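Have a look at start_20.cif below; it lists mmCIF, C-alpha atoms and all ligand atoms.
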```cif
data_run
#
loop_
_atom_site.group_PDB
_atom_site.id
_atom_site.type_symbol
_atom_site.label_atom_id
_atom_site.label_comp_id
_atom_site.auth_asym_id
_atom_site.auth_seq_id
_atom_site.Cartn_x
_atom_site.Cartn_y
_atom_site.Cartn_z
ATOM 1 C CA MET A 1 119.744 97.461 119.303
ATOM 2 C CA LYS A 2 122.071 100.368 119.541
ATOM 3 C CA LEU A 3 120.727 103.424 121.262
ATOM 4 C CA ASN A 4 123.035 106.156 122.237
ATOM 5 C CA GLN A 5 121.964 109.509 123.470
ATOM 6 C CA LEU A 6 124.903 111.644 122.547
ATOM 7 C CA VAL A 7 124.269 115.224 123.444
ATOM 8 C CA LEU A 8 121.839 117.192 125.482
ATOM 9 C CA PHE A 9 122.492 120.824 126.036
ATOM 10 C CA LEU A 10 121.111 124.265 126.348
ATOM 11 C CA LEU A 11 120.542 126.709 123.615
ATOM 12 C CA CYS A 12 119.215 130.090 124.268
ATOM 13 C CA CYS A 13 116.863 131.006 121.491
ATOM 14 C CA THR A 14 114.793 133.949 120.603
ATOM 15 C CA ASN A 15 111.985 134.400 118.185
ATOM 16 C CA ALA A 16 109.411 137.048 117.528
ATOM 17 C CA LEU A 17 107.560 136.294 120.748
ATOM 18 C CA HIS A 18 109.890 135.142 123.454
ATOM 19 C CA THR A 19 113.165 133.756 124.653
ATOM 20 C CA PHE A 20 113.299 130.165 125.802
ATOM 21 C CA ALA A 21 115.694 127.489 126.939
ATOM 22 C CA GLN A 22 115.944 124.714 124.408
ATOM 23 C CA GLU A 23 117.087 121.127 124.723
ATOM 24 C CA LYS A 24 118.849 119.459 121.845
ATOM 25 C CA ILE A 25 118.759 115.646 121.833
ATOM 26 C CA ASP A 26 120.924 113.486 119.615
ATOM 27 C CA LEU A 27 119.874 109.858 119.200
ATOM 28 C CA ASP A 28 121.484 106.903 117.487
ATOM 29 C CA ILE A 29 119.032 104.075 117.001
ATOM 30 C CA ASN A 30 120.465 101.134 115.088
ATOM 31 C CA GLY A 31 122.725 103.556 113.244
ATOM 32 C CA ILE A 32 119.979 106.053 112.462
ATOM 33 C CA LYS A 33 121.386 109.268 113.881
ATOM 34 C CA MET A 34 118.774 111.940 114.452
ATOM 35 C CA GLN A 35 118.680 115.267 116.232
ATOM 36 C CA PHE A 36 115.615 116.706 117.949
ATOM 37 C CA VAL A 37 115.009 120.101 119.525
ATOM 38 C CA THR A 38 112.438 121.350 121.968
ATOM 39 C CA ILE A 39 109.555 123.232 120.457
ATOM 40 C CA PRO A 40 108.197 125.368 123.308
ATOM 41 C CA ALA A 41 104.568 125.262 124.372
ATOM 42 C CA GLY A 42 102.453 128.160 123.207
ATOM 43 C CA GLU A 43 99.421 129.353 121.335
ATOM 44 C CA PHE A 44 99.305 130.513 117.744
ATOM 45 C CA ILE A 45 96.855 131.465 115.050
ATOM 46 C CA MET A 46 96.752 128.654 112.505
ATOM 47 C CA GLY A 47 96.044 129.546 108.900
ATOM 48 C CA ASP A 48 96.810 132.412 106.567
ATOM 49 C CA LYS A 49 94.300 135.157 105.791
ATOM 50 C CA ASP A 50 95.990 135.699 102.435
ATOM 51 C CA GLY A 51 96.330 132.015 101.683
ATOM 52 C CA GLN A 52 94.127 129.542 99.903
ATOM 53 C CA ARG A 53 90.541 128.881 100.937
ATOM 54 C CA ASP A 54 91.532 125.697 102.782
ATOM 55 C CA GLU A 55 93.810 127.759 105.078
ATOM 56 C CA ARG A 56 90.756 129.379 106.671
ATOM 57 C CA PRO A 57 89.122 130.026 109.032
ATOM 58 C CA ARG A 58 92.148 131.118 110.971
ATOM 59 C CA HIS A 59 91.793 129.789 114.478
ATOM 60 C CA PRO A 60 93.750 129.709 117.746
ATOM 61 C CA VAL A 61 95.597 126.495 118.582
ATOM 62 C CA SER A 62 97.317 125.636 121.851
ATOM 63 C CA ILE A 63 100.425 123.488 121.533
ATOM 64 C CA ASP A 64 102.150 121.508 124.276
ATOM 65 C CA SER A 65 105.930 121.449 124.180
ATOM 66 C CA PHE A 66 107.309 118.688 121.973
ATOM 67 C CA TYR A 67 110.531 117.521 120.329
ATOM 68 C CA MET A 68 110.874 117.867 116.581
ATOM 69 C CA GLN A 69 113.544 116.488 114.320
ATOM 70 C CA THR A 70 115.849 119.229 113.060
ATOM 71 C CA THR A 71 116.021 117.812 109.532
ATOM 72 C CA GLU A 72 114.068 115.660 107.137
ATOM 73 C CA ILE A 73 114.732 111.906 107.233
ATOM 74 C CA THR A 74 117.592 111.248 104.847
ATOM 75 C CA VAL A 75 118.211 108.595 102.216
ATOM 76 C CA GLU A 76 120.899 107.123 104.486
ATOM 77 C CA GLN A 77 118.487 106.901 107.437
ATOM 78 C CA PHE A 78 115.674 105.376 105.403
ATOM 79 C CA ASP A 79 118.124 102.907 103.874
ATOM 80 C CA ILE A 80 118.956 101.481 107.323
ATOM 81 C CA PHE A 81 115.274 100.824 107.968
ATOM 82 C CA ALA A 82 114.708 99.431 104.483
ATOM 83 C CA ASN A 83 117.616 97.019 104.701
ATOM 84 C CA ALA A 84 116.528 95.817 108.138
ATOM 85 C CA THR A 85 112.950 95.181 107.047
ATOM 86 C CA ASN A 86 113.313 94.346 103.355
ATOM 87 C CA HIS A 87 111.112 97.319 102.677
ATOM 88 C CA PRO A 88 109.926 97.056 99.064
ATOM 89 C CA THR A 89 110.911 99.475 96.326
ATOM 90 C CA ASN A 90 108.409 98.357 93.707
ATOM 91 C CA PHE A 91 105.699 100.950 94.256
ATOM 92 C CA GLY A 92 106.885 103.323 91.536
ATOM 93 C CA CYS A 93 106.855 107.079 91.968
ATOM 94 C CA TRP A 94 105.233 110.190 90.492
ATOM 95 C CA TYR A 95 107.455 112.817 88.901
ATOM 96 C CA PHE A 96 106.839 116.100 87.112
ATOM 97 C CA ASN A 97 107.363 116.594 83.396
ATOM 98 C CA SER A 98 104.874 119.152 82.065
ATOM 99 C CA GLY A 99 102.399 117.489 84.432
ATOM 100 C CA TRP A 100 102.559 114.729 87.037
ATOM 101 C CA LEU A 101 103.486 111.352 85.526
ATOM 102 C CA PHE A 102 103.925 107.910 87.050
ATOM 103 C CA SER A 103 106.937 105.688 86.516
ATOM 104 C CA ALA A 104 107.055 102.133 87.842
ATOM 105 C CA GLU A 105 110.849 102.325 87.605
ATOM 106 C CA LEU A 106 111.265 105.094 90.176
ATOM 107 C CA ASN A 107 111.440 104.713 93.940
ATOM 108 C CA TRP A 108 113.134 106.206 96.996
ATOM 109 C CA ARG A 109 116.436 104.625 95.968
ATOM 110 C CA ASN A 110 116.121 106.143 92.503
ATOM 111 C CA PRO A 111 113.735 109.081 92.362
ATOM 112 C CA GLY A 112 114.830 109.957 88.839
ATOM 113 C CA TYR A 113 117.547 112.432 89.741
ATOM 114 C CA PRO A 114 120.892 112.143 91.540
ATOM 115 C CA GLN A 115 120.870 112.080 95.329
ATOM 116 C CA GLN A 116 123.498 111.717 98.015
ATOM 117 C CA PRO A 117 122.968 109.801 101.304
ATOM 118 C CA ASN A 118 122.436 113.080 103.178
ATOM 119 C CA HIS A 119 119.613 114.218 100.913
ATOM 120 C CA PRO A 120 116.022 113.790 102.110
ATOM 121 C CA ALA A 121 114.373 110.481 101.276
ATOM 122 C CA VAL A 122 111.616 111.137 98.717
ATOM 123 C CA CYS A 123 109.191 108.901 96.862
ATOM 124 C CA ILE A 124 108.027 108.082 100.388
ATOM 125 C CA SER A 125 104.317 107.438 100.898
ATOM 126 C CA TRP A 126 102.450 108.193 104.108
ATOM 127 C CA ASN A 127 102.096 104.431 104.545
ATOM 128 C CA ASP A 128 105.888 104.110 104.263
ATOM 129 C CA THR A 129 106.313 106.606 107.088
ATOM 130 C CA GLN A 130 104.086 104.511 109.322
ATOM 131 C CA GLN A 131 106.150 101.394 108.660
ATOM 132 C CA PHE A 132 109.372 103.301 109.339
ATOM 133 C CA ILE A 133 107.937 104.666 112.584
ATOM 134 C CA THR A 134 106.553 101.306 113.737
ATOM 135 C CA TRP A 135 109.947 99.691 113.173
ATOM 136 C CA LEU A 136 111.813 102.525 114.907
ATOM 137 C CA ASN A 137 109.507 102.270 117.918
ATOM 138 C CA GLN A 138 110.068 98.520 118.100
ATOM 139 C CA GLN A 139 113.837 98.982 118.410
ATOM 140 C CA GLN A 140 113.723 100.537 121.884
ATOM 141 C CA GLN A 141 111.431 101.361 124.802
ATOM 142 C CA GLU A 142 112.527 104.839 125.875
ATOM 143 C CA TYR A 143 111.076 106.861 123.059
ATOM 144 C CA ARG A 144 108.045 106.961 120.838
ATOM 145 C CA PHE A 145 108.413 108.426 117.385
ATOM 146 C CA ARG A 146 105.555 109.702 115.256
ATOM 147 C CA LEU A 147 104.758 112.211 112.535
ATOM 148 C CA PRO A 148 104.032 115.777 113.597
ATOM 149 C CA THR A 149 100.399 116.776 113.597
ATOM 150 C CA GLU A 150 99.486 119.383 111.014
ATOM 151 C CA ALA A 151 99.100 121.998 113.761
ATOM 152 C CA GLU A 152 102.452 121.084 115.313
ATOM 153 C CA TRP A 153 104.121 121.340 111.926
ATOM 154 C CA GLU A 154 102.770 124.819 111.204
ATOM 155 C CA TYR A 155 103.495 126.047 114.734
ATOM 156 C CA ALA A 156 107.081 124.782 114.521
ATOM 157 C CA ALA A 157 107.570 126.212 111.027
ATOM 158 C CA ARG A 158 106.261 129.638 112.039
ATOM 159 C CA ALA A 159 108.551 129.838 115.082
ATOM 160 C CA GLY A 160 106.479 132.715 116.414
ATOM 161 C CA SER A 161 105.855 134.486 113.120
ATOM 162 C CA HIS A 162 102.392 135.302 111.795
ATOM 163 C CA GLU A 163 103.815 136.235 108.408
ATOM 164 C CA ARG A 164 104.127 134.015 105.342
ATOM 165 C CA TYR A 165 107.630 132.928 106.341
ATOM 166 C CA TYR A 166 109.312 132.649 109.712
ATOM 167 C CA TRP A 167 111.514 135.628 108.833
ATOM 168 C CA GLY A 168 108.636 137.788 107.603
ATOM 169 C CA SER A 169 106.745 138.288 104.363
ATOM 170 C CA ASP A 170 109.606 138.907 101.914
ATOM 171 C CA PRO A 171 110.150 135.831 99.677
ATOM 172 C CA SER A 172 113.643 136.980 98.717
ATOM 173 C CA GLY A 173 114.949 135.265 101.854
ATOM 174 C CA LEU A 174 114.022 131.874 100.508
ATOM 175 C CA CYS A 175 117.349 131.025 98.847
ATOM 176 C CA THR A 176 119.281 131.477 102.081
ATOM 177 C CA HIS A 177 116.726 129.494 104.113
ATOM 178 C CA ALA A 178 115.562 126.826 101.708
ATOM 179 C CA ASN A 179 116.050 124.794 98.576
ATOM 180 C CA ALA A 180 112.997 125.656 96.504
ATOM 181 C CA SER A 181 112.304 126.634 92.926
ATOM 182 C CA ASP A 182 115.062 129.053 91.907
ATOM 183 C CA LYS A 183 117.288 129.947 88.984
ATOM 184 C CA GLN A 184 118.767 126.425 89.099
ATOM 185 C CA THR A 185 115.316 124.918 88.696
ATOM 186 C CA LEU A 186 114.752 126.803 85.458
ATOM 187 C CA LYS A 187 117.709 125.016 83.843
ATOM 188 C CA HIS A 188 115.783 121.730 83.913
ATOM 189 C CA PHE A 189 112.212 122.961 84.277
ATOM 190 C CA PRO A 190 111.958 126.166 82.241
ATOM 191 C CA SER A 191 108.173 126.294 82.650
ATOM 192 C CA PHE A 192 108.337 126.480 86.453
ATOM 193 C CA ARG A 193 107.616 129.666 88.326
ATOM 194 C CA SER A 194 110.762 130.375 90.293
ATOM 195 C CA ASN A 195 112.248 132.652 92.849
ATOM 196 C CA ASP A 196 114.714 135.147 91.404
ATOM 197 C CA CYS A 197 117.704 133.817 93.330
ATOM 198 C CA ASP A 198 120.096 130.858 93.280
ATOM 199 C CA ASP A 199 120.093 128.200 96.015
ATOM 200 C CA GLY A 200 122.459 125.919 94.111
ATOM 201 C CA TYR A 201 120.202 122.899 93.578
ATOM 202 C CA VAL A 202 117.757 121.800 90.907
ATOM 203 C CA GLU A 203 116.315 118.911 92.914
ATOM 204 C CA THR A 204 117.030 117.859 96.518
ATOM 205 C CA SER A 205 119.966 119.239 98.498
ATOM 206 C CA PRO A 206 121.731 117.926 101.597
ATOM 207 C CA VAL A 207 119.526 118.375 104.657
ATOM 208 C CA GLY A 208 120.569 121.214 106.932
ATOM 209 C CA ASN A 209 122.278 123.056 104.103
ATOM 210 C CA TYR A 210 120.556 126.423 104.668
ATOM 211 C CA LEU A 211 119.738 128.644 107.614
ATOM 212 C CA ALA A 212 117.506 127.188 110.321
ATOM 213 C CA ASN A 213 114.539 128.943 111.868
ATOM 214 C CA SER A 214 114.801 130.194 115.441
ATOM 215 C CA TYR A 215 113.725 126.789 116.765
ATOM 216 C CA GLY A 216 116.694 125.188 115.016
ATOM 217 C CA LEU A 217 114.656 123.487 112.283
ATOM 218 C CA PHE A 218 116.185 123.181 108.820
ATOM 219 C CA ASP A 219 114.423 122.915 105.472
ATOM 220 C CA VAL A 220 110.920 123.499 106.827
ATOM 221 C CA TYR A 221 110.291 125.125 103.466
ATOM 222 C CA GLY A 222 111.421 123.319 100.356
ATOM 223 C CA ASN A 223 113.725 120.350 99.803
ATOM 224 C CA ALA A 224 111.159 117.639 100.591
ATOM 225 C CA TRP A 225 107.511 118.248 101.400
ATOM 226 C CA GLU A 226 106.804 116.673 104.784
ATOM 227 C CA TRP A 227 103.992 114.306 105.693
ATOM 228 C CA THR A 228 101.893 115.035 108.765
ATOM 229 C CA GLN A 229 99.636 112.737 110.739
ATOM 230 C CA ASP A 230 96.397 114.466 109.771
ATOM 231 C CA CYS A 231 93.660 113.481 107.390
ATOM 232 C CA TRP A 232 92.862 116.071 104.750
ATOM 233 C CA HIS A 233 89.963 118.419 105.438
ATOM 234 C CA GLU A 234 88.812 121.044 102.976
ATOM 235 C CA SER A 235 88.835 123.848 105.544
ATOM 236 C CA TYR A 236 89.664 124.474 109.184
ATOM 237 C CA SER A 237 85.993 124.520 110.224
ATOM 238 C CA HIS A 238 85.738 122.401 113.396
ATOM 239 C CA ALA A 239 89.495 121.734 113.394
ATOM 240 C CA PRO A 240 90.961 120.707 116.763
ATOM 241 C CA GLU A 241 92.399 123.588 118.756
ATOM 242 C CA ASP A 242 94.664 121.584 121.061
ATOM 243 C CA GLY A 243 97.377 120.649 118.562
ATOM 244 C CA SER A 244 96.150 117.072 118.176
ATOM 245 C CA ALA A 245 95.937 115.327 114.813
ATOM 246 C CA TRP A 246 92.663 115.697 112.910
ATOM 247 C CA GLU A 247 92.133 112.055 112.139
ATOM 248 C CA GLY A 248 89.169 110.181 110.721
ATOM 249 C CA ASN A 249 88.522 107.590 108.086
ATOM 250 C CA CYS A 250 90.495 109.111 105.268
ATOM 251 C CA MET A 251 92.325 108.203 102.104
ATOM 252 C CA ARG A 252 94.282 111.448 101.835
ATOM 253 C CA ARG A 253 96.859 112.793 104.288
ATOM 254 C CA VAL A 254 98.309 116.271 104.638
ATOM 255 C CA PHE A 255 101.852 117.235 103.696
ATOM 256 C CA ARG A 256 103.487 120.601 104.250
ATOM 257 C CA GLY A 257 106.227 123.074 103.471
ATOM 258 C CA GLY A 258 106.719 122.900 99.717
ATOM 259 C CA GLY A 259 109.408 120.928 97.923
ATOM 260 C CA TRP A 260 112.456 121.558 95.764
ATOM 261 C CA GLY A 261 110.294 122.447 92.771
ATOM 262 C CA ASP A 262 107.968 124.879 94.518
ATOM 263 C CA ASN A 263 107.982 128.645 94.302
ATOM 264 C CA PRO A 264 107.459 131.045 97.243
ATOM 265 C CA LYS A 265 103.682 130.814 96.875
ATOM 266 C CA PHE A 266 103.837 127.188 98.006
ATOM 267 C CA ALA A 267 106.998 127.042 100.118
ATOM 268 C CA ARG A 268 105.605 128.868 103.154
ATOM 269 C CA SER A 269 104.176 128.211 106.633
ATOM 270 C CA GLY A 270 100.441 128.186 105.965
ATOM 271 C CA LEU A 271 100.220 126.335 102.671
ATOM 272 C CA ARG A 272 98.471 122.942 102.858
ATOM 273 C CA ASN A 273 98.693 120.024 100.451
ATOM 274 C CA ARG A 274 97.376 116.461 100.399
ATOM 275 C CA THR A 275 97.392 113.204 98.508
ATOM 276 C CA GLU A 276 96.530 109.548 98.952
ATOM 277 C CA ALA A 277 98.328 107.757 101.780
ATOM 278 C CA ASN A 278 99.725 105.148 99.407
ATOM 279 C CA LYS A 279 101.058 107.636 96.866
ATOM 280 C CA HIS A 280 104.779 108.150 96.208
ATOM 281 C CA LYS A 281 106.007 111.460 94.770
ATOM 282 C CA ASP A 282 109.550 112.558 94.024
ATOM 283 C CA ASP A 283 109.341 115.617 96.275
ATOM 284 C CA ILE A 284 107.616 114.249 99.410
ATOM 285 C CA GLY A 285 109.477 112.974 102.473
ATOM 286 C CA PHE A 286 109.034 113.409 106.220
ATOM 287 C CA ARG A 287 110.528 114.299 109.580
ATOM 288 C CA LEU A 288 109.684 112.934 113.011
ATOM 289 C CA VAL A 289 108.432 114.076 116.377
ATOM 290 C CA LEU A 290 109.916 112.468 119.499
ATOM 291 C CA GLU A 291 108.069 111.626 122.714
ATOM 292 C CA ILE A 292 110.016 110.529 125.786
ATOM 293 C CA ILE A 293 108.123 107.646 127.378
ATOM 294 C CA ASN A 294 110.106 107.226 130.574
ATOM 295 C CA ASN A 295 113.470 107.859 132.185
ATOM 296 C CA LYS A 296 113.581 111.384 130.879
ATOM 297 C CA PRO A 297 117.299 111.955 130.446
ATOM 298 C CA ASP A 298 119.222 114.331 132.630
ATOM 299 C CA SER A 299 119.219 117.739 131.146
ATOM 300 C CA THR A 300 121.730 120.499 131.445
ATOM 301 C CA ALA A 301 119.048 122.934 130.378
ATOM 302 C CA ASN A 302 118.075 125.532 132.909
HETATM 303 CA CA CA A 401 116.523 124.856 94.266
HETATM 304 CA CA CA A 402 111.015 120.373 103.881
#
```
Structure encoded using structure tokens:
Amino acid sequence: MKLNQLVLFLLCCTNALHTFAQEKIDLDINGIKMQFVTIPAGEFIMGDKDGQRDERPRHPVSIDSFYMQTTEITVEQFDIFANATNHPTNFGCWYFNSGWLFSAELNWRNPGYPQQPNHPAVCISWNDTQQFITWLNQQQQEYRFRLPTEAEWEYAARAGSHERYYWGSDPSGLCTHANASDKQTLKHFPSFRSNDCDDGYVETSPVGNYLANSYGLFDVYGNAWEWTQDCWHESYSHAPEDGSAWEGNCMRRVFRGGGWGDNPKFARSGLRNRTEANKHKDDIGFRLVLEIINNKPDSTAN
């Protein structure tokens, strides 16, 4: 095992609601280098009054402080896990070509388009994320990794904003903050609805390539959709209000944020999506939440 906590320091951040001291934690676990930032405790209104029916009723949710990964898990990071565990690549993957199609030939190593090691791993099922997380947790005792809950994800994405995006309601900011459907997309997918700007990428881009939100999170919209822990529910009626995962006996899990092929209607804070836990799609990946089990490291934050 190689575990090396590299950096821990103070950032002074502001968002629409407050200023807070933020820790930044860099970890190296068996060569998987990941950065996490503090998401401050708070309360927010989950849901979007102008969104889809499943985004209502809007409801207050209290969130404890937690650490969220600044980027999506990359191909390079997933490759380390896969090589260590002989993780299979024979599940196939769904891709879009005038409708969603399945190819047994595609997988996270070859999603059907060119990727670099620093692009987000896609063609990742929810079940894959659980195997990755179980393995990562077995490599050390100081930390516990998990998926964000759906409430945590939306709270972190909003970064204090009640608007459609963390910078407000204007979708024209998308190309500087995210890799989503844009003028590039239309070159390969002329039928897509796209933002009238150019982010430089048809499919996935390097993680962290665009502006972060005020919590220091990159690519919360676009690039790869991101799995959450929660089971899918058709509305927020009776949803937990403490930030915990809404579990149950479910086949479908929630993923968030929009992907590289999604227009501003989908690449936003409140939008919800779901599919079967064993399904692989060429625009779904994940990022992690970090819990410190013991020996909380010295912090220079104040
Ligand atoms: Ca794009
Ligand atoms: Ca994303």
Kindly work out which residues sit at most 10 Å from ligand CA 401 (chain A), using only C-alpha atoms and all ligand atoms, and give the list as a list in words.
Leu174, Cys175, Ala178, Asn179, Ala180, Ser181, Asp182, Lys183, Gln184, Thr185, Leu186, Ser194, Asn195, Cys197, Asp198, Asp199, Gly200, Tyr201, Val202, Glu203, Thr204, Ser205, Gly222, Asn223, Gly259, Trp260, Gly261, Asp262 and Asn263 of chain A
On this file, the PyMOL selection byres (((not hetatm)) within 7 of (chain A and resi 402)) gives some set of residues; write that set as a list in words.
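On this input, the PyMOL selection byres (((not hetatm)) within 7 of (chain A and resi 402)) captures Glu72, Asp219, Val220, Tyr221, Gly222, Asn223, Ala224, Trp225, Glu226, Gly257, Gly258 and Gly259 of chain A.
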Proximity to Ile32 in chain A - best of A:Leu101, A:Ala84, A:Met46, A:Val61, only C-alpha atoms:
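Comparing A:Leu101, A:Ala84, A:Met46, A:Val61 against Ile32 in chain A, the winner is A:Ala84.
The interatomic distance for the pair CA of Pro171 in chain A and CA of Ser65 in chain A works out to 28.7 Å.
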All residues 7 Å or closer to range 241-253 of chain A, all atoms listed in the file, same chain fewer than 2 positions away omitted, as a list of chain:residue names
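These residues fall inside the cut-off: A:Pro60, A:Val61, A:Ser62, A:Ile63, A:Thr149, A:Glu150, A:Ala151, A:Glu152, A:Gln229, A:Asp230, A:Cys231, A:Trp232, A:Ala239, A:Phe255, A:Arg274, A:Thr275, A:Glu276, A:Ala277.
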Residue among A:Tyr215, A:Glu142, A:Trp167, A:Trp94 lying closest to Phe36 in chain A, counting only C-alpha atoms
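Smallest distance to Phe36 in chain A is found for A:Tyr215.
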Centre, edges in Å (one decimal): axis-aligned box, range 253-269 of chain A, 6 Å padding on all six sides, as lines of an AutoDock Vina configuration file:
```
center_x = 104.7
center_y = 121.9
center_z = 99.7
size_x = 27.6
size_y = 30.3
size_z = 25.9
```
For Arg109 in chain A, which residue out of A:Ser161, A:Asn137, A:Thr85, A:Gln77 is the nearest one, using all atoms listed in the file?
A:Gln77
Using all atoms listed in the file, find all polymer residues with an atom at most 9 Å away from the point (119.7, 108.6, 103.5); report them as number ranges by chain.
A: 73-80, 115-121
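Here the question is which of A:Leu217, A:Gln131, A:Ser169, A:Gly208 gets nearest to Arg146 in chain A using all atoms listed in the file, and that residue is A:Gln131.
Between CA of Gly112 in chain A and CA of His177 in chain A lies a distance of 24.9 Å.
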